[in-house]
$ cat coords-v6.cif   # mmCIF, C-alpha atoms
data_final
loop_
_atom_site.label_atom_id
_atom_site.label_comp_id
_atom_site.auth_asym_id
_atom_site.auth_seq_id
_atom_site.Cartn_x
_atom_site.Cartn_y
_atom_site.Cartn_z
CA MET A 1 0.00 0.00 0.00
CA THR A 2 2.86 2.37 -0.77
CA ASN A 3 1.63 3.85 -4.03
CA LEU A 4 -1.55 5.53 -2.89
CA LYS A 5 -2.75 8.60 -4.73
CA THR A 6 -2.13 12.05 -3.28
CA SER A 7 -4.92 14.17 -1.82
CA THR A 8 -4.79 16.36 -4.92
CA GLU A 9 -5.27 13.35 -7.19
CA LEU A 10 -8.16 12.01 -5.08
CA LYS A 11 -9.88 15.38 -5.14
CA ALA A 12 -9.43 15.61 -8.90
CA ILE A 13 -11.15 12.22 -9.29
CA ALA A 14 -14.00 13.36 -7.03
CA LYS A 15 -14.47 16.57 -9.04
CA GLU A 16 -14.42 14.76 -12.36
CA ARG A 17 -16.90 12.05 -11.34
CA SER A 18 -19.27 14.52 -9.64
CA LEU A 19 -19.22 17.10 -12.42
CA ASP A 20 -22.68 16.51 -13.93
CA LYS A 21 -24.23 14.75 -10.93
CA TYR A 22 -24.21 17.42 -8.21
CA GLY A 23 -27.99 17.81 -8.36
CA ILE A 24 -28.62 14.14 -7.57
CA LEU A 25 -25.92 14.00 -4.91
CA ILE A 26 -27.02 17.19 -3.15
CA LEU A 27 -30.64 16.04 -3.15
CA ALA A 28 -29.60 12.66 -1.73
CA ASN A 29 -27.65 14.37 1.06
CA ILE A 30 -30.62 16.60 1.87
CA ILE A 31 -32.99 13.61 2.00
CA ILE A 32 -30.64 11.76 4.37
CA PHE A 33 -30.31 14.82 6.60
CA VAL A 34 -34.07 15.43 6.70
CA LEU A 35 -34.78 11.77 7.49
CA GLN A 36 -32.21 11.73 10.27
CA MET A 37 -33.58 14.92 11.83
CA ALA A 38 -37.20 13.85 11.45
CA ILE A 39 -36.68 10.41 12.97
CA SER A 40 -34.61 11.82 15.85
CA SER A 41 -37.21 14.48 16.68
CA ILE A 42 -40.12 12.05 16.53
CA VAL A 43 -38.61 9.57 19.01
CA THR A 44 -37.52 12.23 21.52
CA ILE A 45 -40.20 12.00 24.21
CA SER A 46 -39.57 15.23 26.10
CA SER A 47 -37.19 18.12 26.66
CA SER A 48 -37.82 18.06 30.42
CA GLY A 49 -34.93 18.67 32.79
CA SER A 50 -35.67 15.40 34.59
CA LEU A 51 -32.64 13.10 34.86
CA VAL A 52 -34.84 10.07 34.13
CA ILE A 53 -36.25 11.67 30.98
CA PHE A 54 -32.74 12.69 29.93
CA ALA A 55 -31.50 9.10 30.37
CA ILE A 56 -34.45 7.70 28.40
CA ASN A 57 -33.83 10.16 25.58
CA GLN A 58 -30.16 9.19 25.51
CA ILE A 59 -31.05 5.51 25.21
CA ILE A 60 -33.55 6.25 22.44
CA PHE A 61 -30.97 8.43 20.68
CA LEU A 62 -28.41 5.61 20.80
CA ILE A 63 -30.86 3.07 19.38
CA VAL A 64 -31.99 5.40 16.58
CA SER A 65 -28.42 6.38 15.74
CA ILE A 66 -27.50 2.71 15.40
CA LEU A 67 -30.52 1.91 13.23
CA LEU A 68 -29.67 4.84 10.97
CA GLY A 69 -26.66 2.81 9.90
CA VAL A 70 -28.80 1.60 6.99
CA LEU A 71 -28.76 5.15 5.62
CA VAL A 72 -25.00 5.41 6.11
CA SER A 73 -24.67 2.17 4.17
CA GLY A 74 -26.91 3.53 1.41
CA LYS A 75 -24.86 6.71 1.20
CA ALA A 76 -21.68 4.68 0.84
CA TYR A 77 -23.31 2.69 -1.97
CA LEU A 78 -24.40 5.90 -3.75
CA TYR A 79 -20.89 7.36 -3.72
CA MET A 80 -19.28 4.05 -4.67
CA ASN A 81 -21.51 4.03 -7.75
CA LEU A 82 -20.33 7.58 -8.45
CA ILE A 83 -16.61 6.86 -8.12
CA TYR A 84 -16.89 3.58 -10.03
CA SER A 85 -18.69 5.41 -12.87
CA GLN A 86 -21.96 3.55 -12.37
CA THR A 87 -25.43 5.04 -12.70
CA VAL A 88 -26.41 7.04 -9.62
CA SER A 89 -29.83 7.99 -8.30
CA THR A 90 -31.28 9.32 -5.06
CA GLY A 91 -32.85 5.89 -4.56
CA ASP A 92 -29.37 4.50 -3.92
CA ILE A 93 -29.46 5.88 -0.38
CA PHE A 94 -32.08 3.24 0.50
CA PHE A 95 -29.96 0.37 -0.82
CA GLY A 96 -28.78 -0.23 2.73
CA LEU A 97 -32.27 -1.50 3.54
CA LYS A 98 -31.73 -4.30 1.00
CA GLN A 99 -28.00 -4.95 1.32
CA HIS A 100 -27.66 -6.75 4.66
CA PRO A 101 -29.19 -4.08 6.92
CA ASP A 102 -28.29 -6.21 9.94
CA LYS A 103 -24.59 -5.87 9.12
CA ALA A 104 -24.97 -2.13 8.54
CA VAL A 105 -26.53 -1.79 11.98
CA LYS A 106 -23.75 -3.82 13.61
CA ILE A 107 -21.07 -1.70 11.94
CA GLN A 108 -22.84 1.51 12.91
CA SER A 109 -23.10 0.32 16.51
CA VAL A 110 -19.29 0.35 16.77
CA PHE A 111 -19.15 4.06 15.89
CA VAL A 112 -22.16 5.05 18.00
CA LEU A 113 -21.14 3.11 21.11
CA ALA A 114 -17.52 4.26 20.83
CA ASP A 115 -18.72 7.85 20.68
CA PHE A 116 -21.08 7.37 23.62
CA LEU A 117 -18.64 5.56 25.88
CA SER A 118 -15.69 7.84 25.12
CA SER A 119 -17.77 10.96 25.77
CA LEU A 120 -19.45 9.57 28.91
CA PRO A 121 -16.74 10.74 31.36
CA ALA A 122 -16.96 14.31 30.02
CA SER A 123 -20.77 14.18 30.16
CA ILE A 124 -20.72 13.10 33.80
CA ILE A 125 -18.25 15.82 34.76
CA TRP A 126 -20.27 18.42 32.85
CA PHE A 127 -23.41 17.31 34.67
CA ILE A 128 -21.85 17.86 38.11
CA LEU A 129 -19.98 21.03 37.13
CA THR A 130 -21.16 24.22 38.85
CA PRO A 131 -19.84 27.81 38.91
CA ARG A 132 -18.30 26.97 42.29
CA SER A 133 -16.55 23.80 41.13
CA PRO A 134 -12.79 23.79 41.83
CA PHE A 135 -10.29 24.31 39.03
CA SER A 136 -9.34 20.63 39.20
CA VAL A 137 -12.83 19.67 38.03
CA ARG A 138 -12.47 21.94 34.99
CA VAL A 139 -9.10 20.39 34.22
CA ALA A 140 -10.68 16.94 34.51
CA LEU A 141 -13.39 18.04 32.06
CA PHE A 142 -10.76 19.19 29.55
CA ILE A 143 -8.85 15.91 29.88
CA ALA A 144 -12.08 13.90 29.48
CA LEU A 145 -13.03 15.89 26.37
CA LEU A 146 -9.58 15.37 24.89
CA PHE A 147 -9.71 11.65 25.67
CA GLY A 148 -13.11 11.33 24.00
CA LEU A 149 -11.90 13.20 20.92
CA ILE A 150 -8.82 11.02 20.53
CA VAL A 151 -10.78 7.78 20.92
CA ASN A 152 -13.43 8.97 18.45
CA ILE A 153 -10.84 9.93 15.85
CA TYR A 154 -9.03 6.62 16.22
CA VAL A 155 -12.19 4.52 15.90
CA SER A 156 -13.53 6.61 13.01
CA LEU A 157 -10.29 6.29 11.05
CA THR A 158 -9.67 2.63 11.85
CA TYR A 159 -13.10 1.40 10.80
CA SER A 160 -13.81 4.10 8.20
CA GLN A 161 -13.85 1.67 5.29
CA ALA A 162 -16.32 -0.85 6.75
CA PHE A 163 -19.46 0.47 5.02
CA TYR A 164 -17.72 0.54 1.65
CA LEU A 165 -16.42 -2.98 2.22
CA LEU A 166 -19.95 -4.13 3.00
CA HIS A 167 -20.87 -3.48 -0.64
CA ASP A 168 -17.71 -4.98 -2.10
CA TYR A 169 -17.77 -8.02 0.19
CA PRO A 170 -21.45 -8.58 1.08
CA ASP A 171 -20.85 -12.21 2.06
CA ARG A 172 -18.49 -11.32 4.90
CA SER A 173 -19.72 -10.82 8.45
CA ALA A 174 -19.77 -7.40 10.12
CA LYS A 175 -16.87 -8.51 12.33
CA GLU A 176 -14.83 -9.52 9.29
CA LEU A 177 -15.60 -6.24 7.52
CA LEU A 178 -14.49 -4.23 10.54
CA ALA A 179 -11.33 -6.32 10.81
CA TYR A 180 -10.60 -5.84 7.11
CA SER A 181 -11.04 -2.09 7.47
CA LYS A 182 -8.58 -2.13 10.36
CA THR A 183 -6.07 -4.02 8.21
CA LEU A 184 -6.47 -1.63 5.28
CA MET A 185 -6.02 1.40 7.50
CA GLN A 186 -2.78 0.22 9.07
CA GLY A 187 -0.24 2.86 8.10
CA ASN A 188 -2.94 4.93 6.38
CA ARG A 189 -4.74 6.57 9.30
CA PHE A 190 -2.69 9.74 9.12
CA LYS A 191 -3.25 10.03 5.37
CA LEU A 192 -7.02 9.84 5.83
CA PHE A 193 -6.86 12.19 8.81
CA SER A 194 -4.94 14.72 6.70
CA LEU A 195 -7.52 14.34 3.95
CA HIS A 196 -10.28 15.24 6.42
CA ILE A 197 -8.29 18.22 7.72
CA SER A 198 -7.77 19.54 4.20
CA PHE A 199 -11.50 20.26 3.91
CA ILE A 200 -11.64 22.47 7.02
CA PRO A 201 -10.86 25.73 5.12
CA LEU A 202 -13.65 24.96 2.63
CA ILE A 203 -16.11 24.16 5.41
CA ILE A 204 -15.23 27.40 7.21
CA PHE A 205 -15.74 29.26 3.94
CA GLY A 206 -19.12 27.57 3.53
CA CYS A 207 -20.16 28.60 7.04
CA LEU A 208 -19.11 32.19 6.43
CA THR A 209 -21.07 32.41 3.18
CA PHE A 210 -24.53 31.59 4.55
CA PHE A 211 -23.97 27.79 4.47
CA ILE A 212 -25.23 27.35 0.88
CA PRO A 213 -21.80 26.29 -0.49
CA LEU A 214 -21.75 23.48 2.08
CA LEU A 215 -24.20 21.59 -0.15
CA TRP A 216 -21.45 21.27 -2.78
CA ILE A 217 -18.60 20.99 -0.32
CA PHE A 218 -20.08 17.98 1.49
CA VAL A 219 -20.61 16.18 -1.84
CA TYR A 220 -17.03 16.97 -2.86
CA ARG A 221 -15.71 15.79 0.49
CA TYR A 222 -17.59 12.49 0.57
CA ALA A 223 -16.74 11.76 -3.07
CA THR A 224 -13.06 12.32 -2.22
CA LEU A 225 -13.28 9.97 0.77
CA THR A 226 -14.83 7.33 -1.48
CA ALA A 227 -12.05 7.84 -4.02
CA PHE A 228 -9.66 7.20 -1.13
CA TYR A 229 -11.41 3.87 -0.52
CA GLN A 230 -11.20 2.96 -4.21
CA ASP A 231 -7.48 3.66 -4.17
CA LEU A 232 -6.98 1.85 -0.86
CA ILE A 233 -8.82 -1.31 -1.87
CA ALA A 234 -7.03 -1.41 -5.22
CA ALA A 235 -3.65 -1.16 -3.49
CA GLY A 236 -4.62 -3.67 -0.80
CA ASN A 237 -6.12 -6.33 -3.04
CA THR A 238 -4.01 -9.09 -4.50
CA GLY A 239 -7.00 -10.61 -6.22
CA LYS A 240 -10.39 -9.79 -7.62
CA VAL A 241 -13.09 -8.30 -5.42
CA GLU A 242 -16.05 -10.65 -5.23
CA ASN A 243 -19.51 -9.31 -5.97
CA GLY A 244 -18.22 -5.75 -5.74
CA LEU A 245 -18.57 -2.48 -7.56
CA ASN A 246 -14.95 -2.60 -8.66
#
$ encode --input "coords-v6.cif" --output "structure tokens"
Amino acid sequence: MTNLKTSTELKAIAKERSLDKYGILILANIIIFVLQMAISSIVTISSSGSLVIFAINQIIFLIVSILLGVLVSGKAYLYMNLIYSQTVSTGDIFFGLKQHPDKAVKIQSVFVLADFLSSLPASIIWFILTPRSPFSVRVALFIALLFGLIVNIYVSLTYSQAFYLLHDYPDRSAKELLAYSKTLMQGNRFKLFSLHISFIPLIIFGCLTFFIPLLWIFVYRYATLTAFYQDLIAAGNTGKVENGLN
């Protein structure tokens, strides 16, 4: 895996493949966002300050976030079709409902639970924090936040390819797909991390210009990340991908 494309080359591929398909891709992203927001708001039972209600809402949020893995899977399928020069449509985002939704949910649970557990210490400290809390408590909060961020970044990078792999290797179990992603990302975490960082100036620009450009920027970003997968799997494969897009 030593001959991977540069960030500039990956972005060029993303631009070229997305050129006449931005309308479909932007609409698909909007649909996913609206569905996620709608489902999350419907299942939230109350905004009461009660600790019990808060705990119930957190549990519901975790369950819904995990189930939404089918949409994440569908989004991966949509952008894989794009990068592999296949026909794309907004309906692709629902492919995760047909392509082993149980595996998509299991993969998503790794990200959701890692996020929840790594942020739990900071959440507990924040809950007990008061204006009169000693400085040591504030330091503990900072350390807990930093810990959660590091764990989240590590998990996100390590298993970042699992949803793509689900569509290239549909016969493998969720555990095998996660393990394969971990193998592929060995020595490549920093490259993917740098690729994510490179979009920060564009995202800031989008936020400063009334958010409208973000519609294009998010498409460009996700297409680039999918191009990274295409390059990674091509470099990592010694044989033909079974039942896959490539």
$ atom_distance --input "coords-v6.cif" --atom1 "atom CA of A:Tyr79" --atom2 "atom CA of A:Thr226"
6.5 Å
$ closest_residue --input "coords-v6.cif" --among "A:Val112, A:Ala179, A:Ile39, A:Ile26" --to "A:Leu62" --atoms "all atoms listed in the file"
A:Val112
$ residues_near_point --input "coords-v6.cif" --point "(-14.7, 10.0, -14.2)" --cutoff "8 Å" --atoms "all atoms listed in the file" --output "ChimeraX atom specification"
/A:13-14,16-18,83-85
$ atom_distance --input "coords-v6.cif" --atom1 "atom CA of A:Gln161" --atom2 "atom CA of A:Asn188"
11.4 Å
$ atom_distance --input "coords-v6.cif" --atom1 "atom CA of A:Lys175" --atom2 "atom CA of A:Gly69"
15.2 Å
$ residues_around --input "coords-v6.cif" --residues "stretch 197-199 of chain A" --least-positions-apart "2" --cutoff "10 Å" --atoms "all atoms listed in the file" --output "list of chain:residue names"
A:Ser7, A:Lys191, A:Leu192, A:Phe193, A:Ser194, A:Leu195, A:Pro201, A:Leu202, A:Ile203, A:Ile204, A:Phe205, A:Ile217, A:Phe218, A:Tyr220, A:Arg221
$ residues_around --input "coords-v6.cif" --residues "stretch 124-131 of chain A" --least-positions-apart "3" --cutoff "10 Å" --atoms "all atoms listed in the file" --output "mmCIF file with C-alpha atoms, in the coordinates of the input"
data_model
loop_
_atom_site.group_PDB
_atom_site.id
_atom_site.type_symbol
_atom_site.label_atom_id
_atom_site.label_comp_id
_atom_site.auth_asym_id
_atom_site.auth_seq_id
_atom_site.Cartn_x
_atom_site.Cartn_y
_atom_site.Cartn_z
ATOM 1 C CA SER A 119 -17.770 10.960 25.770
ATOM 2 C CA LEU A 120 -19.450 9.570 28.910
ATOM 3 C CA PRO A 121 -16.740 10.740 31.360
ATOM 4 C CA PRO A 134 -12.790 23.790 41.830
ATOM 5 C CA VAL A 137 -12.830 19.670 38.030
ATOM 6 C CA ARG A 138 -12.470 21.940 34.990
ATOM 7 C CA ALA A 140 -10.680 16.940 34.510
ATOM 8 C CA LEU A 141 -13.390 18.040 32.060
ATOM 9 C CA PHE A 142 -10.760 19.190 29.550
ATOM 10 C CA ALA A 144 -12.080 13.900 29.480
ATOM 11 C CA LEU A 145 -13.030 15.890 26.370
#
$ closest_residue --input "coords-v6.cif" --among "A:Leu208, A:Asn81, A:Ala122, A:Thr6" --to "A:Lys21" --atoms "all atoms listed in the file"
A:Asn81
$ axis_aligned_box --input "coords-v6.cif" --around "stretch 109-115 of chain A" --padding-each-side "3 Å" --output "lines of an AutoDock Vina configuration file"
center_x = -20.3
center_y = 4.1
center_z = 18.5
size_x = 11.6
size_y = 13.5
size_z = 11.2
$ closest_residue --input "coords-v6.cif" --among "A:Asn29, A:Leu184, A:Leu177, A:Ala12" --to "A:Leu214" --atoms "only C-alpha atoms"
A:Asn29
$ closest_residue --input "coords-v6.cif" --among "A:Gly91, A:Leu146, A:Leu68, A:Ile24" --to "A:Ser109" --atoms "all atoms listed in the file"
A:Leu68
$ resolve_selection --input "coords-v6.cif" --expression "the PyMOL selection byres ((chain A and resi 96-102) around 9)" --output "list of chain:residue names"
A:Leu67, A:Gly69, A:Val70, A:Leu71, A:Val72, A:Ser73, A:Gly74, A:Lys75, A:Ala76, A:Tyr77, A:Asp92, A:Ile93, A:Phe94, A:Phe95, A:Lys103, A:Ala104, A:Val105, A:Lys106, A:Ile107, A:Leu166, A:His167, A:Pro170, A:Ala174
$ closest_residue --input "coords-v6.cif" --among "A:Arg132, A:Lys182, A:Lys5, A:Arg172" --to "A:Leu225" --atoms "only C-alpha atoms"
A:Lys5
$ closest_residue --input "coords-v6.cif" --among "A:Glu176, A:Asp231, A:Asp168, A:Asp115" --to "A:Gly148" --atoms "all atoms listed in the file"
A:Asp115
$ residues_around --input "coords-v6.cif" --residues "A:Lys15" --least-positions-apart "5" --cutoff "9 Å" --atoms "only C-alpha atoms" --output "ChimeraX atom specification"
/A:10,220,223-224
$ residues_around --input "coords-v6.cif" --residues "A:Tyr180" --least-positions-apart "5" --cutoff "12 Å" --atoms "only C-alpha atoms" --output "PyMOL selection string"
chain A and resi 158-166+168-169+172-175+185-186+232-233+236-237
